[in-house]
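A.B. asks: Just so it is clear, I am handing over my_file_14.txt, which has compact mmCIF, C-alpha atoms.
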```
# COMPACT_ATOMS: atom_id res chain seq x y z
CA MET A 1 12.35 -36.64 39.85
CA ARG A 2 9.10 -35.01 40.90
CA ASN A 3 10.75 -33.90 44.17
CA LYS A 4 13.65 -32.44 42.23
CA VAL A 5 11.29 -30.41 40.03
CA LEU A 6 9.38 -29.26 43.10
CA GLY A 7 12.65 -28.25 44.76
CA VAL A 8 13.71 -26.17 41.76
CA PHE A 9 10.24 -24.58 41.64
CA ILE A 10 10.34 -23.67 45.35
CA ALA A 11 13.86 -22.28 45.05
CA ALA A 12 12.88 -20.16 42.03
CA ALA A 13 9.67 -18.95 43.68
CA CYS A 14 11.51 -18.03 46.86
CA PHE A 15 14.19 -16.17 44.95
CA LEU A 16 11.52 -14.06 43.27
CA ALA A 17 9.67 -13.57 46.55
CA ILE A 18 12.64 -12.35 48.58
CA ALA A 19 14.58 -10.49 45.90
CA VAL A 20 15.03 -6.83 46.70
CA PRO A 21 16.69 -4.05 44.71
CA LEU A 22 20.46 -4.06 44.67
CA PRO A 23 22.23 -1.35 46.60
CA ALA A 24 24.14 0.33 43.82
CA HIS A 25 24.14 3.36 41.57
CA HIS A 26 22.92 1.13 38.81
CA GLY A 27 20.51 -1.77 38.47
CA ALA A 28 21.42 -5.32 37.52
CA ALA A 29 19.97 -5.24 34.00
CA GLY A 30 23.32 -6.09 32.44
CA TYR A 31 23.49 -9.46 34.17
CA ASP A 32 21.71 -12.66 33.20
CA MET A 33 19.49 -13.27 36.22
CA GLU A 34 18.57 -16.75 34.91
CA LYS A 35 22.11 -18.06 34.72
CA GLN A 36 24.76 -19.13 37.21
CA LEU A 37 28.23 -20.44 36.41
CA VAL A 38 30.41 -22.45 38.78
CA MET A 39 34.13 -22.24 38.06
CA LYS A 40 37.41 -23.41 39.54
CA ALA A 41 39.45 -20.25 39.76
CA THR A 42 42.87 -18.90 40.59
CA VAL A 43 42.68 -15.49 42.24
CA THR A 44 44.76 -12.81 40.53
CA ASP A 45 43.48 -9.76 42.45
CA TRP A 46 40.95 -8.85 45.12
CA LEU A 47 40.06 -5.16 45.24
CA TRP A 48 38.46 -3.87 48.41
CA ALA A 49 36.94 -0.68 47.03
CA ASN A 50 33.92 1.54 46.56
CA PRO A 51 31.46 1.60 44.98
CA HIS A 52 31.95 -2.18 44.71
CA CYS A 53 34.60 -4.67 45.66
CA PHE A 54 35.67 -6.89 42.81
CA LEU A 55 37.60 -10.07 42.24
CA ARG A 56 39.83 -10.90 39.31
CA TYR A 57 40.62 -14.53 38.59
CA ASP A 58 41.77 -16.91 35.89
CA THR A 59 39.92 -20.05 34.95
CA THR A 60 40.92 -22.76 32.50
CA ASP A 61 38.42 -24.57 30.29
CA ASP A 62 38.50 -28.20 29.06
CA LYS A 63 40.69 -27.22 26.11
CA GLY A 64 43.27 -25.57 28.31
CA GLU A 65 42.22 -22.04 27.34
CA VAL A 66 42.66 -19.51 30.14
CA ALA A 67 39.98 -16.84 30.60
CA HIS A 68 40.43 -13.74 32.75
CA TRP A 69 37.29 -12.89 34.71
CA THR A 70 36.30 -9.90 36.83
CA VAL A 71 33.29 -10.19 39.13
CA GLU A 72 31.77 -7.74 41.59
CA VAL A 73 30.16 -7.82 45.00
CA SER A 74 28.81 -4.99 47.14
CA ASN A 75 30.76 -2.25 48.92
CA PRO A 76 33.25 -2.86 51.78
CA VAL A 77 30.75 -1.84 54.48
CA ASP A 78 28.13 -4.37 53.37
CA MET A 79 30.73 -7.07 52.71
CA THR A 80 32.23 -6.60 56.18
CA LYS A 81 28.82 -7.31 57.66
CA ARG A 82 28.71 -10.53 55.62
CA GLY A 83 32.03 -11.69 57.07
CA TRP A 84 34.40 -10.59 54.31
CA SER A 85 37.55 -8.53 54.70
CA LYS A 86 40.26 -6.99 52.61
CA HIS A 87 42.26 -10.16 53.29
CA SER A 88 39.58 -12.73 52.42
CA LEU A 89 41.21 -13.50 49.09
CA ASN A 90 44.81 -13.36 47.97
CA PRO A 91 46.56 -13.77 44.61
CA GLY A 92 47.22 -17.44 43.92
CA ASP A 93 44.32 -18.75 46.04
CA GLN A 94 42.55 -21.72 44.43
CA VAL A 95 38.83 -21.16 44.93
CA THR A 96 35.46 -22.19 43.53
CA VAL A 97 33.26 -19.31 42.48
CA THR A 98 29.58 -19.12 41.61
CA VAL A 99 28.91 -16.25 39.25
CA ARG A 100 25.95 -14.59 37.57
CA PRO A 101 27.45 -13.67 34.18
CA ALA A 102 26.91 -10.63 31.98
CA ARG A 103 24.28 -10.89 29.27
CA ASN A 104 26.70 -9.68 26.61
CA GLY A 105 29.09 -12.59 27.04
CA ALA A 106 31.97 -10.53 28.47
CA PRO A 107 33.92 -12.38 31.20
CA ILE A 108 32.41 -10.29 33.99
CA GLY A 109 29.63 -10.93 36.46
CA GLN A 110 28.25 -10.76 39.94
CA LEU A 111 30.01 -12.98 42.45
CA LEU A 112 27.33 -14.91 44.30
CA LYS A 113 29.48 -17.29 46.32
CA VAL A 114 33.09 -18.31 46.81
CA VAL A 115 34.48 -21.43 48.46
CA LEU A 116 37.88 -20.66 49.93
CA PRO A 117 40.89 -23.01 49.99
CA ASN A 118 40.07 -23.92 53.62
CA GLY A 119 36.54 -24.96 52.65
CA GLN A 120 34.88 -21.88 54.10
CA THR A 121 32.04 -20.46 52.01
CA LEU A 122 31.51 -16.71 51.73
CA MET A 123 28.26 -15.42 50.29
CA GLY A 124 28.74 -12.63 47.79
CA TRP A 125 26.00 -10.72 46.05
CA THR A 126 22.99 -11.61 48.18
CA THR A 127 19.56 -10.04 48.12
CA THR A 128 19.60 -8.49 51.57
CA VAL A 129 21.65 -5.89 53.38
CA ARG A 130 21.72 -5.48 57.12
CA MET B 1 -10.36 -29.98 37.65
CA LEU B 2 -11.60 -28.44 40.88
CA SER B 3 -9.25 -30.60 42.89
CA GLN B 4 -6.35 -29.47 40.67
CA ILE B 5 -7.19 -25.85 41.38
CA VAL B 6 -7.48 -26.56 45.11
CA ASN B 7 -4.16 -28.42 45.09
CA SER B 8 -2.48 -25.60 43.16
CA THR B 9 -3.84 -23.02 45.58
CA ILE B 10 -2.71 -25.01 48.61
CA GLY B 11 0.67 -25.50 46.93
CA GLY B 12 0.95 -21.77 46.30
CA PHE B 13 0.26 -20.94 49.94
CA ALA B 14 2.73 -23.61 51.03
CA VAL B 15 5.47 -22.08 48.87
CA LEU B 16 4.63 -18.63 50.20
CA ALA B 17 4.79 -19.89 53.78
CA LEU B 18 8.12 -21.58 53.09
CA CYS B 19 9.44 -18.39 51.51
CA VAL B 20 8.37 -16.33 54.49
CA SER B 21 10.09 -18.84 56.71
CA MET B 22 13.28 -18.64 54.63
CA ARG B 23 13.11 -14.86 54.56
CA ALA B 24 12.93 -14.91 58.32
CA GLN B 25 16.19 -16.82 58.31
CA THR B 26 17.89 -14.01 56.39
CA ALA B 27 16.51 -11.29 58.65
CA PRO B 28 18.48 -9.87 61.57
CA PRO B 29 18.54 -12.14 64.65
CA GLN B 30 15.27 -12.22 66.55
CA GLN B 31 15.27 -10.33 69.80
CA PRO B 32 14.81 -12.34 72.99
CA GLU B 33 11.32 -12.23 74.51
CA SER B 34 12.47 -9.91 77.28
CA ALA B 35 13.78 -7.41 74.71
CA LYS B 36 10.54 -7.57 72.68
CA ASN B 37 8.53 -6.60 75.72
CA HIS B 38 10.96 -3.82 76.50
CA LYS B 39 9.23 -0.49 76.22
CA ALA B 40 11.49 2.32 75.15
CA ALA B 41 12.03 5.08 77.65
CA PRO B 42 10.30 8.41 76.97
CA ALA B 43 11.98 10.78 74.58
CA PRO B 44 14.27 13.32 76.22
CA ARG B 45 13.22 16.95 75.76
CA ARG B 46 14.81 18.86 72.89
CA ASP B 47 17.55 16.34 72.25
CA LEU B 48 18.40 14.53 69.01
CA SER B 49 21.96 13.59 69.89
CA GLY B 50 23.12 10.04 69.25
CA ILE B 51 23.80 7.64 66.42
CA TRP B 52 20.77 6.98 64.26
CA ALA B 53 20.09 4.58 61.40
CA PRO B 54 17.04 3.69 59.32
CA GLU B 55 15.05 0.90 60.94
CA ASP B 56 14.69 -0.66 57.47
CA THR B 57 18.14 -0.67 55.91
CA MET B 58 16.90 -0.99 52.34
CA GLU B 59 14.47 1.89 52.80
CA GLY B 60 17.44 3.99 53.85
CA ILE B 61 19.43 2.96 50.79
CA SER B 62 16.48 3.43 48.38
CA PRO B 63 18.36 2.21 45.29
CA ARG B 64 15.40 2.87 43.00
CA GLY B 65 14.77 6.41 44.18
CA VAL B 66 11.85 7.98 45.97
CA LYS B 67 8.61 6.01 46.10
CA THR B 68 6.63 8.77 44.42
CA HIS B 69 6.87 12.48 43.66
CA ALA B 70 4.65 15.34 42.52
CA PRO B 71 4.23 15.75 38.75
CA PHE B 72 7.08 17.48 36.92
CA THR B 73 6.69 20.90 35.40
CA ALA B 74 7.56 21.01 31.69
CA PHE B 75 11.03 22.26 32.66
CA GLY B 76 11.49 19.45 35.18
CA GLU B 77 10.22 16.84 32.78
CA ASN B 78 12.73 17.86 30.14
CA ILE B 79 15.63 17.50 32.57
CA ALA B 80 14.35 14.19 33.92
CA ASN B 81 13.71 12.66 30.50
CA ASN B 82 16.46 14.15 28.38
CA VAL B 83 19.35 15.27 30.53
CA TYR B 84 19.74 12.99 33.53
CA LYS B 85 20.56 9.35 32.72
CA PRO B 86 20.19 7.30 35.90
CA GLY B 87 21.33 3.74 36.41
CA ASP B 88 18.22 2.77 38.34
CA GLY B 89 14.56 3.65 38.77
CA PRO B 90 11.86 4.03 36.11
CA ARG B 91 14.06 5.97 33.64
CA ARG B 92 17.17 3.84 34.00
CA VAL B 93 19.48 3.53 31.02
CA PRO B 94 22.16 0.94 30.15
CA ILE B 95 25.16 1.27 32.41
CA GLY B 96 27.40 2.75 29.70
CA LEU B 97 25.06 5.72 29.28
CA VAL B 98 24.65 6.55 32.98
CA ASN B 99 25.69 10.13 33.85
CA ASP B 100 25.02 10.00 37.59
CA PRO B 101 27.41 12.49 39.23
CA LEU B 102 28.08 9.95 41.98
CA ASP B 103 29.81 7.70 39.46
CA SER B 104 32.71 10.13 39.33
CA CYS B 105 32.55 10.65 43.10
CA ASP B 106 30.92 14.07 43.04
CA PRO B 107 29.22 14.76 46.39
CA ALA B 108 25.78 13.24 46.83
CA GLY B 109 24.75 16.64 48.19
CA PHE B 110 21.59 17.60 50.00
CA PRO B 111 18.96 16.18 50.13
CA ARG B 112 20.22 13.13 48.21
CA ASP B 113 22.16 12.23 51.36
CA LEU B 114 18.75 11.69 52.99
CA LEU B 115 17.13 9.99 49.97
CA PHE B 116 19.87 7.57 48.90
CA GLU B 117 22.31 5.50 50.95
CA LEU B 118 21.06 6.93 54.24
CA ARG B 119 22.96 4.75 56.65
CA PRO B 120 24.13 5.35 60.24
CA PHE B 121 24.76 9.00 61.07
CA GLN B 122 25.73 10.80 64.23
CA VAL B 123 23.96 13.86 65.55
CA VAL B 124 26.05 16.10 67.77
CA GLN B 125 24.02 18.81 69.42
CA THR B 126 25.48 22.03 70.81
CA SER B 127 23.74 25.14 72.08
CA SER B 128 23.90 26.79 68.66
CA LYS B 129 23.85 24.01 66.13
CA LEU B 130 23.42 20.37 65.19
CA LEU B 131 26.25 18.59 63.41
CA LEU B 132 25.16 15.61 61.35
CA ALA B 133 27.96 13.22 60.37
CA TYR B 134 26.95 10.68 57.73
CA GLN B 135 28.54 7.34 56.98
CA TYR B 136 27.98 7.53 53.23
CA GLN B 137 30.75 9.63 51.66
CA GLN B 138 31.80 10.49 55.23
CA VAL B 139 30.43 14.02 55.09
CA TRP B 140 28.90 16.30 57.70
CA ARG B 141 26.53 19.22 57.62
CA VAL B 142 25.57 21.99 60.00
CA ILE B 143 22.07 22.95 61.03
CA TRP B 144 22.07 26.28 62.84
CA LYS B 145 19.61 26.61 65.71
CA ASP B 146 20.73 29.93 67.17
CA GLY B 147 17.74 31.80 65.79
CA ARG B 148 19.38 33.13 62.65
CA ASP B 149 17.40 33.57 59.47
CA LEU B 150 18.06 31.75 56.24
CA PRO B 151 20.26 33.78 53.89
CA LYS B 152 18.28 35.81 51.34
CA ASN B 153 20.41 35.09 48.31
CA PRO B 154 22.76 32.28 49.23
CA ASP B 155 25.60 31.00 47.14
CA SER B 156 24.92 27.42 46.24
CA ARG B 157 26.55 24.69 48.28
CA TRP B 158 26.62 20.92 47.85
CA TYR B 159 24.81 20.55 51.18
CA GLY B 160 22.88 23.83 51.20
CA TYR B 161 22.41 26.21 54.12
CA SER B 162 20.24 24.94 56.97
CA VAL B 163 18.55 26.48 59.99
CA GLY B 164 16.25 24.66 62.39
CA LYS B 165 14.12 25.20 65.44
CA TRP B 166 12.05 23.20 67.89
CA ALA B 167 8.37 23.13 66.93
CA ASP B 168 7.71 21.47 70.28
CA ASP B 169 9.83 19.57 72.81
CA TYR B 170 10.10 16.52 70.55
CA THR B 171 9.91 17.91 67.02
CA PHE B 172 12.76 19.70 65.31
CA VAL B 173 12.07 21.34 61.94
CA VAL B 174 14.85 22.28 59.53
CA GLN B 175 14.67 24.56 56.50
CA THR B 176 17.34 24.37 53.83
CA VAL B 177 18.01 26.58 50.80
CA GLY B 178 20.98 27.28 48.57
CA THR B 179 21.51 23.76 47.30
CA ASP B 180 23.62 22.99 44.27
CA GLU B 181 21.52 22.06 41.27
CA ARG B 182 24.23 19.80 39.88
CA THR B 183 23.20 17.20 42.46
CA TRP B 184 20.34 14.77 41.93
CA LEU B 185 17.53 14.23 44.39
CA ASP B 186 17.83 10.47 44.35
CA ASN B 187 19.20 7.40 42.59
CA ALA B 188 16.43 7.54 39.97
CA GLY B 189 17.69 10.83 38.54
CA ASP B 190 14.89 13.03 39.85
CA PRO B 191 16.11 16.61 39.45
CA HIS B 192 15.91 19.73 41.59
CA SER B 193 16.67 23.38 40.97
CA GLY B 194 18.83 25.79 42.93
CA ASP B 195 15.63 27.46 44.14
CA MET B 196 14.47 24.35 45.98
CA ARG B 197 13.47 24.67 49.61
CA VAL B 198 13.62 21.53 51.73
CA GLU B 199 11.92 21.01 55.06
CA GLU B 200 13.13 18.18 57.29
CA THR B 201 11.09 17.22 60.33
CA TYR B 202 12.67 15.08 63.03
CA HIS B 203 10.06 13.86 65.48
CA ARG B 204 11.36 11.94 68.49
CA VAL B 205 8.69 9.34 69.19
CA ASP B 206 10.48 7.86 72.20
CA HIS B 207 14.03 7.49 73.47
CA ASP B 208 14.95 4.94 70.79
CA THR B 209 12.92 6.14 67.82
CA LEU B 210 12.99 9.13 65.52
CA GLU B 211 10.73 9.80 62.54
CA LEU B 212 12.11 11.67 59.54
CA THR B 213 9.92 13.53 57.06
CA VAL B 214 11.41 15.37 54.09
CA LYS B 215 9.32 17.85 52.11
CA ILE B 216 10.48 19.14 48.74
CA ASP B 217 9.22 22.51 47.55
CA ASP B 218 10.65 23.31 44.13
CA PRO B 219 8.13 25.05 41.82
CA LYS B 220 10.60 25.15 38.93
CA ILE B 221 10.71 21.35 38.77
CA TYR B 222 7.57 20.04 40.52
CA THR B 223 4.00 21.32 40.26
CA GLU B 224 3.46 21.17 44.02
CA PRO B 225 5.31 20.43 47.26
CA TRP B 226 5.63 16.72 48.06
CA LEU B 227 7.05 14.34 50.66
CA ALA B 228 10.21 12.49 49.69
CA ARG B 229 10.31 10.72 53.07
CA ASP B 230 7.18 10.35 55.15
CA LYS B 231 7.81 9.52 58.81
CA MET B 232 10.65 7.15 57.99
CA ARG B 233 11.62 5.46 61.24
CA LEU B 234 15.15 5.78 62.53
CA LYS B 235 16.44 3.77 65.45
CA LEU B 236 18.96 4.87 68.05
CA LEU B 237 22.13 2.78 67.96
CA PRO B 238 24.40 2.17 70.96
CA ASP B 239 26.83 4.98 71.56
CA ASN B 240 29.79 2.69 70.95
CA THR B 241 28.59 1.88 67.42
CA GLU B 242 31.38 2.41 64.95
CA ILE B 243 30.29 4.39 61.93
CA MET B 244 32.20 2.69 59.17
CA GLU B 245 34.19 4.36 56.42
CA MET B 246 32.33 4.61 53.11
CA ILE B 247 34.27 6.93 50.85
CA CYS B 248 34.09 7.32 47.11
CA ALA B 249 37.68 7.58 45.89
CA PRO B 250 38.00 8.75 42.28
CA SER B 251 40.82 6.29 41.54
CA GLU B 252 38.73 3.36 42.78
CA ALA B 253 35.66 4.57 40.89
CA GLU B 254 37.73 4.81 37.71
CA GLU B 255 39.07 1.30 38.20
CA TYR B 256 35.53 0.02 38.69
CA LYS B 257 34.40 1.80 35.55
CA LYS B 258 37.27 0.36 33.51
CA SER B 259 36.99 -3.18 34.87
CA MET B 260 33.21 -3.60 35.26
CA ALA B 261 31.01 -0.83 33.90
CA ASN B 262 32.65 -0.39 30.50
CA PRO B 263 32.79 -4.10 29.57
CA LEU B 264 29.23 -4.51 30.84
CA SER B 265 28.00 -1.75 28.55
CA LYS B 266 29.47 -3.18 25.33
```
Can the structure in the file be given as structure tokens, please?

C.D. replies:
Amino acid sequence: MRNKVLGVFIAAACFLAIAVPLPAHHGAAGYDMEKQLVMKATVTDWLWANPHCFLRYDTTDDKGEVAHWTVEVSNPVDMTKRGWSKHSLNPGDQVTVTVRPARNGAPIGQLLKVVLPNGQTLMGWTTTVR
Amino acid sequence: MLSQIVNSTIGGFAVLALCVSMRAQTAPPQQPESAKNHKAAPAPRRDLSGIWAPEDTMEGISPRGVKTHAPFTAFGENIANNVYKPGDGPRRVPIGLVNDPLDSCDPAGFPRDLLFELRPFQVVQTSSKLLLAYQYQQVWRVIWKDGRDLPKNPDSRWYGYSVGKWADDYTFVVQTVGTDERTWLDNAGDPHSGDMRVEETYHRVDHDTLELTVKIDDPKIYTEPWLARDKMRLKLLPDNTEIMEMICAPSEAEEYKKSMANPLSK
């Protein structure tokens, strides 16, 4: 238990230590930096666009209710350097997404990570740009 | 009690060390020892041609605007505080209120192209001019070096009117006037007037390194001249580097606004 607490503490401290401003026209104030959601998702659209690429997907909760989410990552140039492409995601793909949601409760967020159908993990909104 | 403090301090340093170690893992690949010891060749005389990029990518992007600027005049302060609504920096507003001209794909203009999203750019040098082709918004500008004077009463342009000359064999100094006051200086909504004069200094330290200094002289908006970039280091990239496409398309920007920015601002 103590190790688990220590691990969480180190992870949180490191996140604060290495976080750098996000490369966008706007800051990230609208997102809940303390929260991450992991969802099973069905891709409905993947837009490879400026100023930010974004993913649309559907997710179904325990009661069978379907929610339509839209989540953003950085621009195509930065995402290409992280191993993404216009063809990374396709409508109908079953994926697992990790998302930092909006503070206002709208089904939008920053896409932090996606696990593709083939098991490959792509990192989304990270704190560094090369 | 003392031992608790000592343990906490040691723990703090340990976390810091671990963080530094993890940060190193996210940094670009380390150069081999032979490359580290490689000393760049001397700078060529009077030559800036090549593909250049900020050594520190995030410094080039500068999402929060310039590090510091001279105090505003009363006129400048009014624009900064009451007219421009930036999405980042010290005066940032909620996303729904942002009126950054870039959000509708207006040109970044000069010198915002040097103070925000400065990414790889190509310098092509001819006998009479330099052509600078930038990745961000895929725009280019001309710097005349044929000895002409700056225009006396120029029409405003998004990227101004620039002339430059060699101060010595390794230092090229550019003067620009006639900028369009609809553009912002940076991502923090720092304003400029149409009377602004900008001086860029490109100093070639060695074959692989260039230093960029940008001086803003705009008495309408700032009480004194100031440096928006101060010897920012640029590195020479291989000539086969592909400068990627980074274009703001109004239809894509509108889709982003509809799908992300508007719901986020509610």

A.B. asks: How far is it from atom CA of Val38 of chain A to atom CA of Pro94 of chain B, in Å with one decimal?

C.D. replies: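 If I compute the distance from atom CA of Val38 of chain A to atom CA of Pro94 of chain B, I get 26.3 Å.
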
A.B. asks: Report as a list of chain:residue names the set of chain B residues whose atoms approach chain A to within 6 Å, with distances computed over all atoms listed in the file.

C.D. replies: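 On the chain B side, the interface is B:Cys19, B:Pro63, B:Gly87, B:Asp88, B:Cys248.
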
A.B. asks: Please provide the set of residues having any atom within 10 Å of segment 203-208 of chain B, restricted to only C-alpha atoms, with same-chain residues fewer than 4 positions apart removed, written as a VMD selection string.

C.D. replies: chain B and resid 39 to 48 50 52 166 to 173 212 to 213 231 233 to 238

A.B. asks: Mind pulling up the distance from atom CA of Leu89 of chain A to atom CA of Asn118 of chain A?

C.D. replies: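 About the pair atom CA of Asn118 of chain A and atom CA of Leu89 of chain A: they are 11.4 Å apart.
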
A.B. asks: Rounded to one decimal in Å, what is the spacing between atom CA of His87 of chain A and atom CA of Leu122 of chain A?

C.D. replies: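 Computing the Euclidean distance for atom CA of His87 of chain A and atom CA of Leu122 of chain A yields 12.7 Å.
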